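Just run.cif here, mmCIF, C-alpha atoms:
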```cif
data_structure
#
loop_
_atom_site.label_atom_id
_atom_site.label_comp_id
_atom_site.auth_asym_id
_atom_site.auth_seq_id
_atom_site.Cartn_x
_atom_site.Cartn_y
_atom_site.Cartn_z
CA MET H 1 -49.83 -58.60 16.30
CA THR H 2 -49.15 -55.71 18.67
CA ARG H 3 -45.65 -55.72 20.08
CA ASP H 4 -45.37 -55.74 23.86
CA ASN H 5 -43.75 -52.41 24.68
CA SER H 6 -44.04 -52.51 28.45
CA PRO H 7 -41.05 -51.27 30.52
CA LYS H 8 -40.33 -54.84 31.62
CA GLU H 9 -40.32 -56.14 28.05
CA ARG H 10 -38.17 -53.25 26.81
CA GLN H 11 -35.67 -53.97 29.58
CA ARG H 12 -35.58 -57.63 28.59
CA ARG H 13 -34.91 -56.77 24.92
CA GLN H 14 -32.19 -54.30 25.90
CA LEU H 15 -30.51 -56.98 28.02
CA GLU H 16 -30.65 -59.50 25.19
CA ARG H 17 -29.10 -57.00 22.76
CA LYS H 18 -26.33 -56.16 25.21
CA LEU H 19 -25.47 -59.76 25.98
CA GLY H 20 -25.79 -60.64 22.32
CA ARG H 21 -22.67 -58.61 21.64
CA ARG H 22 -20.48 -61.17 23.40
CA ALA H 23 -17.11 -62.47 22.21
CA PRO H 24 -16.85 -65.79 20.34
CA TYR H 25 -15.30 -67.75 23.24
CA ASN H 26 -17.09 -69.66 26.00
CA ARG H 27 -19.52 -67.95 28.35
CA ILE H 28 -18.48 -68.54 31.95
CA LEU H 29 -20.37 -68.03 35.21
CA ILE H 30 -18.32 -67.86 38.42
CA VAL H 31 -20.14 -67.88 41.76
CA SER H 32 -18.05 -67.52 44.91
CA GLU H 33 -18.44 -68.11 48.61
CA GLY H 34 -16.61 -64.88 49.42
CA SER H 35 -18.33 -61.57 48.79
CA LYS H 36 -15.16 -59.61 47.99
CA THR H 37 -11.91 -61.60 47.90
CA GLU H 38 -12.72 -64.03 45.09
CA PRO H 39 -14.95 -61.68 43.05
CA ASN H 40 -12.24 -59.02 43.18
CA TYR H 41 -9.56 -61.51 42.14
CA PHE H 42 -11.43 -62.99 39.17
CA SER H 43 -12.74 -59.59 38.07
CA GLU H 44 -9.14 -58.35 38.02
CA ILE H 45 -8.19 -61.23 35.72
CA ARG H 46 -11.12 -60.41 33.48
CA SER H 47 -10.01 -56.79 33.30
CA SER H 48 -6.30 -57.57 32.85
CA TYR H 49 -6.95 -59.91 29.92
CA ARG H 50 -9.76 -57.73 28.52
CA LEU H 51 -12.32 -60.51 28.64
CA HIS H 52 -15.81 -59.50 27.61
CA THR H 53 -18.10 -59.00 30.62
CA ALA H 54 -20.89 -60.72 28.68
CA ASN H 55 -18.69 -63.83 28.51
CA VAL H 56 -17.29 -63.87 32.04
CA GLN H 57 -19.70 -63.13 34.87
CA VAL H 58 -18.42 -63.09 38.47
CA HIS H 59 -20.84 -62.96 41.40
CA PRO H 60 -20.83 -63.77 45.12
CA CYS H 61 -23.43 -66.18 46.45
CA ASP H 62 -26.50 -64.25 47.59
CA ILE H 63 -27.99 -66.91 49.85
CA GLY H 64 -25.11 -67.71 52.21
CA THR H 65 -21.49 -68.80 52.45
CA ALA H 66 -21.87 -72.54 53.04
CA PRO H 67 -20.42 -74.53 50.13
CA LEU H 68 -23.72 -76.28 49.42
CA GLN H 69 -25.45 -72.90 49.23
CA VAL H 70 -22.82 -71.72 46.74
CA VAL H 71 -23.38 -74.70 44.45
CA LYS H 72 -27.18 -74.43 44.68
CA TYR H 73 -27.10 -70.69 44.00
CA ALA H 74 -24.79 -71.18 41.01
CA ARG H 75 -27.29 -73.66 39.57
CA GLU H 76 -30.22 -71.33 40.25
CA LEU H 77 -28.46 -68.33 38.73
CA PHE H 78 -27.61 -70.38 35.65
CA GLU H 79 -31.11 -71.78 35.22
CA LYS H 80 -33.19 -68.70 36.02
CA GLY H 81 -30.81 -65.85 35.20
CA SER H 82 -31.12 -62.44 36.85
CA ARG H 83 -32.30 -59.21 35.29
CA GLN H 84 -30.63 -57.29 38.14
CA LYS H 85 -27.29 -58.96 37.41
CA GLN H 86 -27.87 -58.79 33.64
CA ILE H 87 -27.82 -62.56 33.24
CA LEU H 88 -30.10 -64.38 30.83
CA PRO H 89 -31.29 -67.90 31.75
CA ARG H 90 -28.93 -70.72 30.74
CA ALA H 91 -26.59 -68.32 28.95
CA PHE H 92 -23.32 -70.12 29.76
CA GLU H 93 -21.17 -73.03 28.62
CA LYS H 94 -19.31 -73.37 31.92
CA VAL H 95 -20.35 -72.78 35.55
CA PHE H 96 -17.92 -72.68 38.48
CA ALA H 97 -18.76 -72.69 42.19
CA VAL H 98 -15.81 -71.35 44.22
CA PHE H 99 -15.59 -72.23 47.92
CA ASP H 100 -13.21 -73.20 50.72
CA ARG H 101 -12.96 -76.23 52.97
CA ASP H 102 -12.46 -74.24 56.18
CA ASP H 103 -14.72 -75.91 58.76
CA HIS H 104 -17.82 -76.01 56.57
CA GLN H 105 -20.16 -78.92 57.35
CA THR H 106 -21.61 -79.01 53.82
CA TYR H 107 -18.25 -79.07 52.04
CA PHE H 108 -18.38 -82.69 50.86
CA ASP H 109 -22.08 -82.45 49.99
CA ALA H 110 -21.24 -79.46 47.80
CA LEU H 111 -18.54 -81.40 45.97
CA THR H 112 -20.93 -84.28 45.36
CA LEU H 113 -23.70 -82.02 44.07
CA ALA H 114 -21.36 -80.14 41.73
CA ASP H 115 -20.05 -83.44 40.34
CA SER H 116 -23.62 -84.64 39.75
CA LEU H 117 -24.49 -81.48 37.80
CA ASN H 118 -21.49 -81.61 35.48
CA GLY H 119 -22.75 -82.31 31.97
CA LYS H 120 -26.36 -82.73 33.12
CA LEU H 121 -27.60 -79.15 32.57
CA ARG H 122 -28.35 -77.71 29.12
CA ASN H 123 -27.72 -74.14 28.05
CA ASP H 124 -29.70 -71.88 25.73
CA GLU H 125 -28.10 -73.61 22.75
CA ARG H 126 -29.20 -77.02 24.11
CA MET H 127 -25.60 -78.03 24.74
CA PRO H 128 -24.44 -79.82 27.91
CA VAL H 129 -22.86 -77.45 30.43
CA GLU H 130 -19.69 -78.01 32.40
CA PHE H 131 -20.34 -77.50 36.11
CA HIS H 132 -17.32 -77.60 38.44
CA ALA H 133 -16.52 -77.01 42.08
CA ILE H 134 -13.42 -74.85 42.52
CA ALA H 135 -12.48 -75.90 46.03
CA SER H 136 -9.50 -74.88 48.14
CA VAL H 137 -8.19 -76.67 51.21
CA PRO H 138 -8.04 -74.97 53.60
CA SER H 139 -8.84 -71.63 51.94
CA PHE H 140 -8.57 -69.51 48.79
CA GLU H 141 -5.45 -67.88 50.25
CA LEU H 142 -3.58 -71.18 49.79
CA TRP H 143 -3.61 -70.40 46.07
CA LEU H 144 -2.06 -67.00 46.71
CA LEU H 145 0.53 -68.47 49.08
CA LEU H 146 1.61 -70.97 46.42
CA HIS H 147 2.91 -68.00 44.44
CA TYR H 148 5.63 -67.69 47.09
CA GLU H 149 5.94 -71.04 48.89
CA ASP H 150 5.53 -74.73 48.17
CA ILE H 151 3.00 -76.26 50.58
CA LEU H 152 3.10 -80.04 50.86
CA ALA H 153 1.41 -80.84 54.19
CA PRO H 154 -1.91 -79.94 55.86
CA ILE H 155 -1.98 -76.34 57.02
CA HIS H 156 -4.55 -74.34 58.98
CA ARG H 157 -6.13 -71.33 57.30
CA ASP H 158 -4.75 -69.04 60.03
CA GLU H 159 -1.23 -70.23 59.27
CA VAL H 160 -1.85 -69.69 55.55
CA MET H 161 -2.80 -66.08 56.27
CA ARG H 162 0.21 -65.57 58.56
CA ARG H 163 2.62 -66.80 55.90
CA LEU H 164 0.89 -64.92 53.11
CA LYS H 165 1.10 -61.65 55.03
CA ALA H 166 4.85 -62.21 55.37
CA HIS H 167 4.99 -61.90 51.57
CA ILE H 168 2.14 -59.36 51.15
CA PRO H 169 2.09 -57.37 54.41
CA ASP H 170 -1.02 -55.37 53.57
CA TYR H 171 -3.10 -58.36 52.44
CA GLU H 172 -6.50 -58.72 54.06
CA LYS H 173 -9.69 -60.54 53.12
CA GLY H 174 -11.38 -58.50 50.40
CA THR H 175 -8.18 -56.75 49.38
CA LYS H 176 -8.15 -55.48 45.82
CA GLY H 177 -5.13 -55.90 43.59
CA ALA H 178 -4.25 -59.46 44.66
CA PHE H 179 -3.95 -60.66 41.07
CA GLU H 180 -1.67 -57.83 39.98
CA THR H 181 0.44 -58.28 43.11
CA THR H 182 0.98 -61.99 42.54
CA ARG H 183 0.77 -62.44 38.76
CA GLN H 184 4.55 -62.33 38.22
CA HIS H 185 4.68 -65.65 40.08
CA LEU H 186 1.65 -67.16 38.33
CA ASP H 187 3.60 -69.86 36.48
CA ILE H 188 5.27 -71.27 39.60
CA ALA H 189 2.00 -71.12 41.55
CA THR H 190 0.29 -73.08 38.78
CA GLU H 191 3.05 -75.68 38.79
CA ARG H 192 2.77 -76.08 42.56
CA ALA H 193 -1.02 -76.34 42.46
CA GLU H 194 -0.85 -78.92 39.66
CA ALA H 195 1.69 -80.94 41.66
CA LEU H 196 -0.69 -80.94 44.62
CA SER H 197 -3.58 -82.05 42.39
CA MET H 198 -1.52 -85.04 41.28
CA ARG H 199 -1.19 -86.12 44.92
CA PHE H 200 -4.53 -85.06 46.36
CA CYS H 201 -8.01 -84.02 45.34
CA ALA H 202 -10.73 -81.89 46.90
CA TYR H 203 -12.09 -84.94 48.75
CA ASN H 204 -8.72 -85.55 50.48
CA ALA H 205 -9.12 -82.69 52.97
CA PRO H 206 -7.26 -81.76 55.15
CA GLU H 207 -4.46 -82.36 52.63
CA PRO H 208 -3.62 -79.08 50.85
CA TYR H 209 -5.37 -78.60 47.55
CA THR H 210 -6.72 -75.87 45.29
CA ALA H 211 -8.51 -75.97 41.97
CA VAL H 212 -8.23 -72.20 41.53
CA ALA H 213 -5.26 -72.79 39.23
CA ASP H 214 -7.56 -74.61 36.78
CA LEU H 215 -9.99 -71.71 36.60
CA VAL H 216 -7.23 -69.11 36.33
CA SER H 217 -5.54 -71.05 33.52
CA LEU H 218 -8.83 -71.19 31.64
CA LEU H 219 -9.45 -67.46 32.00
CA VAL H 220 -5.98 -66.34 30.95
CA THR H 221 -6.12 -68.48 27.80
CA LEU H 222 -9.63 -67.54 26.64
CA ARG H 223 -8.45 -64.97 24.11
CA LYS H 224 -5.49 -66.96 22.79
#
```
Using structure tokens, write down the structure from this file.
Amino acid sequence: MTRDNSPKERQRRQLERKLGRRAPYNRILIVSEGSKTEPNYFSEIRSSYRLHTANVQVHPCDIGTAPLQVVKYARELFEKGSRQKQILPRAFEKVFAVFDRDDHQTYFDALTLADSLNGKLRNDERMPVEFHAIASVPSFELWLLLHYEDILAPIHRDEVMRRLKAHIPDYEKGTKGAFETTRQHLDIATERAEALSMRFCAYNAPEPYTAVADLVSLLVTLRK
């Protein structure tokens, strides 16, 4: 049988060989609402802990910033893959959709859809896939603020930014280096986030909450 040697087929084989050289730990897909802030942050963790890029993929949502769009795009990217992003179909054990409460109208619908997908999808090894919403109330910056302050009551995203900039004066949305700037306080931030998760959950908005700590803890322990 003649082997298909078209440019498209050669590109597919090259991608499979590249991604085949992954590390032995779980393959993780992270899709975020933000186009810079969250991708920069999680990419910095990947770099700091030398996690294989074939194992940990971080991408912003390409179809919009509404939470429901983020969850739907994460599912689509998992199921169909993307040659442009060098992602093979169903090539992950865990999928995370990262988004904020803010004032999004589809926030609760996104939580419900993510919950319904958890354990229902199958990967390329025919194993059930973990699918989780990584929600923050009111915003991703709450996670960063917890590195410096304990937040116990509802707080507006503008107030979160004001307080965060008191600790990191040059912080702006999309700023690079947020992980390196805050990592010395990672343990206390994780403790504070876990304490909040014992009192509230993502559905309890506007009570303060962030699941970012769960994803960060997973990433920093992958190689251990």
Legend entry - Selection result of the PyMOL selection byres ((chain H and resi 106-120) around 8) on this file, as a list of chain:residue names: H:Ala66, H:Pro67, H:Leu68, H:Gln69, H:Val70, H:Val71, H:Ala97, H:Asp100, H:Arg101, H:His104, H:Gln105, H:Leu121, H:Arg122, H:Pro128, H:Val129, H:Glu130, H:Phe131, H:His132, H:Ala133, H:Ala202, H:Tyr203
Inset, instruction - Neighbourhood query: residues within 9 Å of (-4.0, -78.9, 42.0), file coordinates, counting all atoms listed in the file; return as a PyMOL selection string. - result: chain H and resi 190-202+208-214
Inset, instruction - Would you kindly return, as a PyMOL selection string, each protein, DNA or RNA residue with an atom no farther than 9 Å from any atom of H:His156, considering all atoms listed in the file and excluding same-chain residues fewer than 5 positions away? - result: chain H and resi 102+137-139+161+206
Six-sided padding of 4 Å per side, axis-aligned box over stretch 66-83 of chain H, centre and edges in Å, one decimal, as AutoDock Vina command-line options:
```
--center_x -26.8 --center_y -67.7 --center_z 44.1 --size_x 20.8 --size_y 25.1 --size_z 25.8
```
Inset, instruction - Measure the distance from atom CA of H:Arg157 to atom CA of H:Glu172 in Å and round it to one decimal. - result: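 Those two atoms sit 13.0 Å apart.
Between H:Leu88 and the candidates H:Thr65, H:Ser47, H:Thr37, H:Asn123, the tightest atom-to-atom separation, counting all atoms listed in the file, involves H:Asn123.
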